[in-house]
$ cat target.pdb   # PDB, C-alpha atoms
ATOM      1  CA  MET A1247      23.851 -59.640  -6.147
ATOM      2  CA  THR A1248      22.667 -57.613  -3.141
ATOM      3  CA  TYR A1249      22.910 -58.850   0.407
ATOM      4  CA  GLY A1250      19.952 -60.860   1.650
ATOM      5  CA  GLN A1251      19.057 -62.340  -1.696
ATOM      6  CA  GLY A1252      19.861 -65.645  -3.226
ATOM      7  CA  TYR A1253      22.696 -67.697  -1.773
ATOM      8  CA  GLU A1254      23.157 -65.664   1.440
ATOM      9  CA  THR A1255      19.473 -66.016   2.308
ATOM     10  CA  MET A1256      19.643 -69.748   1.734
ATOM     11  CA  LEU A1257      22.641 -70.069   4.084
ATOM     12  CA  ILE A1258      20.907 -68.067   6.826
ATOM     13  CA  MET A1259      17.720 -70.089   6.503
ATOM     14  CA  ASN A1260      19.650 -73.387   6.594
ATOM     15  CA  ASP A1261      21.403 -72.294   9.804
ATOM     16  CA  PHE A1262      18.052 -71.285  11.289
ATOM     17  CA  PHE A1263      16.450 -74.628  10.506
ATOM     18  CA  LYS A1264      19.457 -76.534  11.889
ATOM     19  CA  LEU A1265      19.172 -74.640  15.175
ATOM     20  CA  ALA A1266      15.426 -75.118  15.338
ATOM     21  CA  SER A1267      15.646 -78.876  14.807
ATOM     22  CA  THR A1268      18.516 -79.535  17.236
ATOM     23  CA  PRO A1269      17.105 -81.028  20.462
ATOM     24  CA  SER A1270      20.095 -79.915  22.569
ATOM     25  CA  GLN A1271      19.406 -76.266  21.725
ATOM     26  CA  SER A1272      15.834 -76.319  23.053
ATOM     27  CA  CYS A1273      15.262 -74.226  26.190
ATOM     28  CA  ALA A1274      11.731 -75.301  27.021
ATOM     29  CA  LYS A1275      10.724 -78.743  28.184
ATOM     30  CA  THR A1276       7.664 -80.085  26.494
ATOM     31  CA  GLU A1277       5.482 -83.044  27.180
ATOM     32  CA  PRO A1278       4.721 -85.452  24.365
ATOM     33  CA  VAL A1279       1.348 -85.069  22.690
ATOM     34  CA  LYS A1280      -0.917 -88.071  23.076
ATOM     35  CA  GLN A1281      -1.889 -89.924  19.943
ATOM     36  CA  GLY A1282      -5.025 -88.420  18.352
ATOM     37  CA  GLU A1283      -4.975 -85.316  20.567
ATOM     38  CA  ASN A1284      -4.524 -81.880  19.061
ATOM     39  CA  PRO A1285      -3.278 -79.422  21.730
ATOM     40  CA  MET A1286      -4.259 -76.420  19.576
ATOM     41  CA  TYR A1287      -7.920 -77.402  19.422
ATOM     42  CA  VAL A1288     -10.297 -76.142  22.091
ATOM     43  CA  ASP A1289     -13.694 -77.764  22.302
ATOM     44  CA  TYR A1290     -15.803 -74.627  22.790
ATOM     45  CA  VAL A1291     -19.019 -76.599  23.112
ATOM     46  CA  SER A1292     -17.944 -78.497  26.207
ATOM     47  CA  ASN A1293     -15.546 -75.869  27.576
ATOM     48  CA  ASP A1294     -17.346 -74.450  30.629
ATOM     49  CA  LYS A1295     -15.221 -71.302  30.837
ATOM     50  CA  HIS A1296     -16.019 -70.363  27.248
ATOM     51  CA  THR A1297     -19.714 -71.112  27.635
ATOM     52  CA  GLU A1298     -20.024 -68.976  30.767
ATOM     53  CA  SER A1299     -17.991 -66.192  29.179
ATOM     54  CA  ALA A1300     -20.190 -66.242  26.074
ATOM     55  CA  LYS A1301     -23.336 -66.040  28.203
ATOM     56  CA  THR A1302     -21.944 -63.149  30.236
ATOM     57  CA  ASN A1303     -20.896 -61.322  27.063
ATOM     58  CA  TYR A1304     -24.366 -61.804  25.594
ATOM     59  CA  LEU A1305     -26.016 -60.462  28.754
ATOM     60  CA  LEU A1306     -23.610 -57.500  28.849
ATOM     61  CA  GLY A1307     -24.433 -56.686  25.228
ATOM     62  CA  ARG A1308     -28.138 -56.872  25.892
ATOM     63  CA  PHE A1309     -27.771 -54.697  29.010
ATOM     64  CA  THR A1310     -25.734 -52.095  27.099
ATOM     65  CA  PHE A1311     -28.343 -51.961  24.334
ATOM     66  CA  VAL A1312     -31.135 -51.311  26.865
ATOM     67  CA  LYS A1313     -29.079 -48.676  28.700
ATOM     68  CA  ASP A1314     -28.205 -46.844  25.462
ATOM     69  CA  LYS A1315     -31.843 -46.950  24.349
ATOM     70  CA  HIS A1316     -32.942 -45.348  27.624
ATOM     71  CA  ARG A1317     -30.264 -42.658  27.265
ATOM     72  CA  GLN A1318     -31.330 -41.809  23.701
ATOM     73  CA  GLU A1319     -34.959 -41.539  24.811
ATOM     74  CA  LEU A1320     -33.941 -39.187  27.631
ATOM     75  CA  MET A1321     -31.900 -37.049  25.240
ATOM     76  CA  LYS A1322     -34.938 -36.729  23.005
ATOM     77  CA  GLN A1323     -37.263 -36.026  25.949
ATOM     78  CA  PHE A1324     -35.038 -33.192  27.219
ATOM     79  CA  GLY A1325     -34.514 -31.640  23.787
ATOM     80  CA  LEU A1326     -30.865 -32.672  23.385
ATOM     81  CA  TYR A1327     -31.508 -35.054  20.514
ATOM     82  CA  GLY A1328     -33.890 -34.386  17.697
ATOM     83  CA  ASP A1329     -35.670 -36.328  15.039
ATOM     84  CA  GLU A1330     -33.918 -37.884  12.095
ATOM     85  CA  PRO A1331     -32.844 -35.256   9.549
ATOM     86  CA  PRO A1332     -34.865 -34.949   6.347
ATOM     87  CA  GLN A1333     -33.952 -37.542   3.741
ATOM     88  CA  THR A1334     -35.494 -35.983   0.632
ATOM     89  CA  ALA A1335     -35.812 -32.468  -0.751
ATOM     90  CA  GLN A1336     -39.593 -32.547  -0.228
ATOM     91  CA  GLU A1337     -39.166 -33.629   3.374
ATOM     92  CA  LEU A1338     -36.679 -30.784   3.896
ATOM     93  CA  VAL A1339     -39.178 -28.228   2.552
ATOM     94  CA  ASP A1340     -42.019 -29.714   4.637
ATOM     95  CA  ARG A1341     -39.977 -29.549   7.834
ATOM     96  CA  ILE A1342     -38.936 -25.963   7.212
ATOM     97  CA  THR A1343     -42.434 -24.773   6.307
ATOM     98  CA  SER A1344     -43.941 -26.530   9.355
ATOM     99  CA  GLY A1345     -41.294 -25.001  11.636
ATOM    100  CA  LYS A1346     -40.090 -28.359  13.019
ATOM    101  CA  PHE A1347     -36.468 -27.290  13.415
ATOM    102  CA  VAL A1348     -34.230 -25.253  15.714
ATOM    103  CA  LEU A1349     -31.444 -23.048  14.416
ATOM    104  CA  PRO A1350     -28.073 -23.463  16.101
ATOM    105  CA  THR A1351     -26.312 -20.798  18.106
ATOM    106  CA  VAL A1352     -23.219 -19.221  16.549
ATOM    107  CA  ASP A1353     -20.963 -21.378  18.746
ATOM    108  CA  GLU A1354     -22.832 -24.563  17.846
ATOM    109  CA  GLU A1355     -22.610 -23.762  14.155
ATOM    110  CA  ASN A1356     -18.880 -23.031  14.412
ATOM    111  CA  THR A1357     -18.341 -26.328  16.222
ATOM    112  CA  THR A1358     -20.277 -28.165  13.523
ATOM    113  CA  ARG A1359     -18.314 -26.372  10.809
ATOM    114  CA  LYS A1360     -15.043 -27.529  12.410
ATOM    115  CA  THR A1361     -16.344 -31.102  12.661
ATOM    116  CA  TYR A1362     -17.112 -31.399   8.942
ATOM    117  CA  CYS A1363     -14.019 -30.954   6.828
ATOM    118  CA  TRP A1364     -15.415 -30.820   3.332
ATOM    119  CA  PRO A1365     -17.936 -30.130   1.921
ATOM    120  CA  TYR A1366     -19.752 -28.270   4.694
ATOM    121  CA  SER A1367     -23.413 -27.359   4.479
ATOM    122  CA  PRO A1368     -25.201 -25.052   6.946
ATOM    123  CA  ALA A1369     -27.983 -27.679   7.048
ATOM    124  CA  TYR A1370     -25.630 -29.924   9.061
ATOM    125  CA  ALA A1371     -25.983 -27.615  12.078
ATOM    126  CA  ILE A1372     -29.793 -27.439  12.064
ATOM    127  CA  LYS A1373     -31.442 -29.352  14.905
ATOM    128  CA  TRP A1374     -34.378 -31.270  13.470
ATOM    129  CA  ARG A1375     -36.780 -31.241  16.390
ATOM    130  CA  ASP A1376     -39.957 -29.498  17.441
ATOM    131  CA  PRO A1377     -39.036 -26.088  18.927
ATOM    132  CA  ALA A1378     -41.828 -26.543  21.483
ATOM    133  CA  ILE A1379     -39.530 -29.036  23.221
ATOM    134  CA  LYS A1380     -37.002 -26.844  25.015
ATOM    135  CA  GLU A1381     -33.460 -28.008  25.614
ATOM    136  CA  ASP A1382     -33.026 -28.871  29.295
ATOM    137  CA  LYS A1383     -29.444 -29.954  29.958
ATOM    138  CA  PRO A1384     -29.674 -29.725  33.794
ATOM    139  CA  GLY A1385     -32.832 -31.850  33.790
ATOM    140  CA  PHE A1386     -31.149 -34.370  31.507
ATOM    141  CA  ASP A1387     -28.043 -34.506  33.714
ATOM    142  CA  ALA A1388     -30.132 -35.159  36.845
ATOM    143  CA  THR A1389     -32.148 -37.866  35.119
ATOM    144  CA  GLU A1390     -29.029 -39.408  33.609
ATOM    145  CA  GLU A1391     -27.622 -39.793  37.128
ATOM    146  CA  GLN A1392     -30.705 -41.852  38.014
ATOM    147  CA  LEU A1393     -30.149 -43.930  34.884
ATOM    148  CA  LYS A1394     -26.486 -44.479  35.780
ATOM    149  CA  THR A1395     -27.423 -45.633  39.287
ATOM    150  CA  ALA A1396     -30.055 -48.063  37.996
ATOM    151  CA  ALA A1397     -27.694 -49.279  35.262
ATOM    152  CA  LEU A1398     -24.892 -49.907  37.743
ATOM    153  CA  ASP A1399     -27.193 -52.078  39.834
ATOM    154  CA  VAL A1400     -28.115 -54.152  36.756
ATOM    155  CA  HIS A1401     -24.464 -54.351  35.662
ATOM    156  CA  ASP A1402     -23.553 -55.718  39.098
ATOM    157  CA  VAL A1403     -26.213 -58.430  38.773
ATOM    158  CA  VAL A1404     -24.940 -59.388  35.307
ATOM    159  CA  MET A1405     -21.358 -59.678  36.515
ATOM    160  CA  ILE A1406     -21.936 -61.355  39.886
ATOM    161  CA  LYS A1407     -25.247 -63.227  40.004
ATOM    162  CA  THR A1408     -26.491 -66.164  37.953
ATOM    163  CA  ASN A1409     -27.447 -65.789  34.316
ATOM    164  CA  ASP A1410     -31.142 -66.257  35.126
ATOM    165  CA  GLU A1411     -31.008 -63.470  37.718
ATOM    166  CA  ALA A1412     -29.118 -61.244  35.280
ATOM    167  CA  LEU A1413     -31.678 -61.796  32.518
ATOM    168  CA  ALA A1414     -34.520 -61.007  34.938
ATOM    169  CA  ALA A1415     -32.745 -57.799  36.030
ATOM    170  CA  ILE A1416     -32.264 -56.734  32.393
ATOM    171  CA  LYS A1417     -35.926 -57.382  31.596
ATOM    172  CA  THR A1418     -36.952 -55.298  34.615
ATOM    173  CA  PHE A1419     -34.506 -52.561  33.538
ATOM    174  CA  GLU A1420     -36.177 -52.421  30.110
ATOM    175  CA  SER A1421     -39.230 -50.813  31.748
ATOM    176  CA  TRP A1422     -37.180 -48.376  33.870
ATOM    177  CA  THR A1423     -38.536 -44.830  34.159
ATOM    178  CA  PRO A1424     -37.014 -41.885  36.017
ATOM    179  CA  THR A1425     -38.624 -40.454  39.115
ATOM    180  CA  ALA A1426     -41.057 -37.589  38.569
ATOM    181  CA  SER A1427     -38.856 -34.938  40.220
ATOM    182  CA  THR A1428     -36.491 -34.712  37.248
ATOM    183  CA  THR A1429     -38.878 -35.245  34.362
ATOM    184  CA  VAL A1430     -40.302 -31.699  34.485
ATOM    185  CA  LYS A1431     -38.813 -29.800  31.580
ATOM    186  CA  ALA A1432     -37.836 -26.150  31.834
ATOM    187  CA  ASN A1433     -39.664 -23.902  29.394
TER     188      ASN A1433
END
$ encode --input "target.pdb" --output "structure tokens"
Amino acid sequence: MTYGQGYETMLIMNDFFKLASTPSQSCAKTEPVKQGENPMYVDYVSNDKHTESAKTNYLLGRFTFVKDKHRQELMKQFGLYGDEPPQTAQELVDRITSGKFVLPTVDEENTTRKTYCWPYSPAYAIKWRDPAIKEDKPGFDATEEQLKTAALDVHDVVMIKTNDEALAAIKTFESWTPTASTTVKAN
């Protein structure tokens, strides 16, 4: 018989249970549990801390969704994010024949090739967007700074003000638009 099996295990477990049940060996002082009260149960419905935390988490999630939506729209507006890639063979042919794509640079294609392990297809590197929309990274960066500033103000309201004020700030933020100075795209 190998060590740790059978009789030896039983002896170790018996010693463990004897130590665990001996009151004189206990290090911590505990208070008796009242009859009918379960100390492990937390009433989340009437627990104010949990309710407030849940509301704040909801508002933070809603705020993050709105902020991410604005960022994706800006990426598309400044030519950094294209349309959805073609889903069918016919759609692929239609996009290519209509010219609604941009070929990647050599560096971009190499980066894409390194990203996809196996199997790699050159179609993964194609940017599926209208080539009339020029990529404008500096314009995007400037506009994103405006978005970050506006988002920080809303985040502060969510974390510090009342829930009603936070919800109103998020609803106002949903209609946020950048100032005109950064929305001009370079051609």
$ resolve_selection --input "target.pdb" --expression "the PyMOL selection byres ((chain A and resi 1320) around 10)" --output "list in words"
Asp1314, Lys1315, His1316, Arg1317, Gln1318, Glu1319, Met1321, Lys1322, Gln1323, Phe1324, Gly1325, Leu1326, Tyr1327, Gly1385, Phe1386, Asp1387, Thr1389, Glu1390, Leu1393, Thr1423, Pro1424 and Thr1429 of chain A
$ residues_around --input "target.pdb" --residues "region 1349-1353 of chain A" --least-positions-apart "2" --cutoff "7 Å" --atoms "all atoms listed in the file" --output "PyMOL selection string"
chain A and resi 1347+1355-1357+1371-1373
$ atom_distance --input "target.pdb" --atom1 "CA of Met1405 (chain A)" --atom2 "CA of Leu1305 (chain A)"
9.1 Å
$ resolve_selection --input "target.pdb" --expression "the PyMOL selection byres ((chain A and resi 1403) around 12)" --output "PDB file with C-alpha atoms, in the coordinates of the input"
ATOM      1  CA  THR A1302     -21.944 -63.149  30.236  1.00  0.00           C
ATOM      2  CA  LEU A1305     -26.016 -60.462  28.754  1.00  0.00           C
ATOM      3  CA  LEU A1306     -23.610 -57.500  28.849  1.00  0.00           C
ATOM      4  CA  PHE A1309     -27.771 -54.697  29.010  1.00  0.00           C
ATOM      5  CA  ALA A1396     -30.055 -48.063  37.996  1.00  0.00           C
ATOM      6  CA  ALA A1397     -27.694 -49.279  35.262  1.00  0.00           C
ATOM      7  CA  LEU A1398     -24.892 -49.907  37.743  1.00  0.00           C
ATOM      8  CA  ASP A1399     -27.193 -52.078  39.834  1.00  0.00           C
ATOM      9  CA  VAL A1400     -28.115 -54.152  36.756  1.00  0.00           C
ATOM     10  CA  HIS A1401     -24.464 -54.351  35.662  1.00  0.00           C
ATOM     11  CA  ASP A1402     -23.553 -55.718  39.098  1.00  0.00           C
ATOM     12  CA  VAL A1404     -24.940 -59.388  35.307  1.00  0.00           C
ATOM     13  CA  MET A1405     -21.358 -59.678  36.515  1.00  0.00           C
ATOM     14  CA  ILE A1406     -21.936 -61.355  39.886  1.00  0.00           C
ATOM     15  CA  LYS A1407     -25.247 -63.227  40.004  1.00  0.00           C
ATOM     16  CA  THR A1408     -26.491 -66.164  37.953  1.00  0.00           C
ATOM     17  CA  ASN A1409     -27.447 -65.789  34.316  1.00  0.00           C
ATOM     18  CA  ASP A1410     -31.142 -66.257  35.126  1.00  0.00           C
ATOM     19  CA  GLU A1411     -31.008 -63.470  37.718  1.00  0.00           C
ATOM     20  CA  ALA A1412     -29.118 -61.244  35.280  1.00  0.00           C
ATOM     21  CA  LEU A1413     -31.678 -61.796  32.518  1.00  0.00           C
ATOM     22  CA  ALA A1414     -34.520 -61.007  34.938  1.00  0.00           C
ATOM     23  CA  ALA A1415     -32.745 -57.799  36.030  1.00  0.00           C
ATOM     24  CA  ILE A1416     -32.264 -56.734  32.393  1.00  0.00           C
ATOM     25  CA  THR A1418     -36.952 -55.298  34.615  1.00  0.00           C
ATOM     26  CA  PHE A1419     -34.506 -52.561  33.538  1.00  0.00           C
TER      27      PHE A1419
END
$ atom_distance --input "target.pdb" --atom1 "CA of Leu1338 (chain A)" --atom2 "CA of Lys1383 (chain A)"
27.1 Å
$ resolve_selection --input "target.pdb" --expression "the PyMOL selection byres ((chain A and resi 1332-1334) around 12)" --output "MDAnalysis selection string"
chainID A and resid 1328:1331 1335:1342 1346:1347 1369:1370 1372:1375
$ closest_residue --input "target.pdb" --among "A:Glu1354, A:Phe1311, A:Thr1361, A:Thr1343" --to "Glu1420 (chain A)" --atoms "only C-alpha atoms"
A:Phe1311
$ atom_distance --input "target.pdb" --atom1 "CA of Lys1394 (chain A)" --atom2 "CA of Ala1300 (chain A)"
24.6 Å
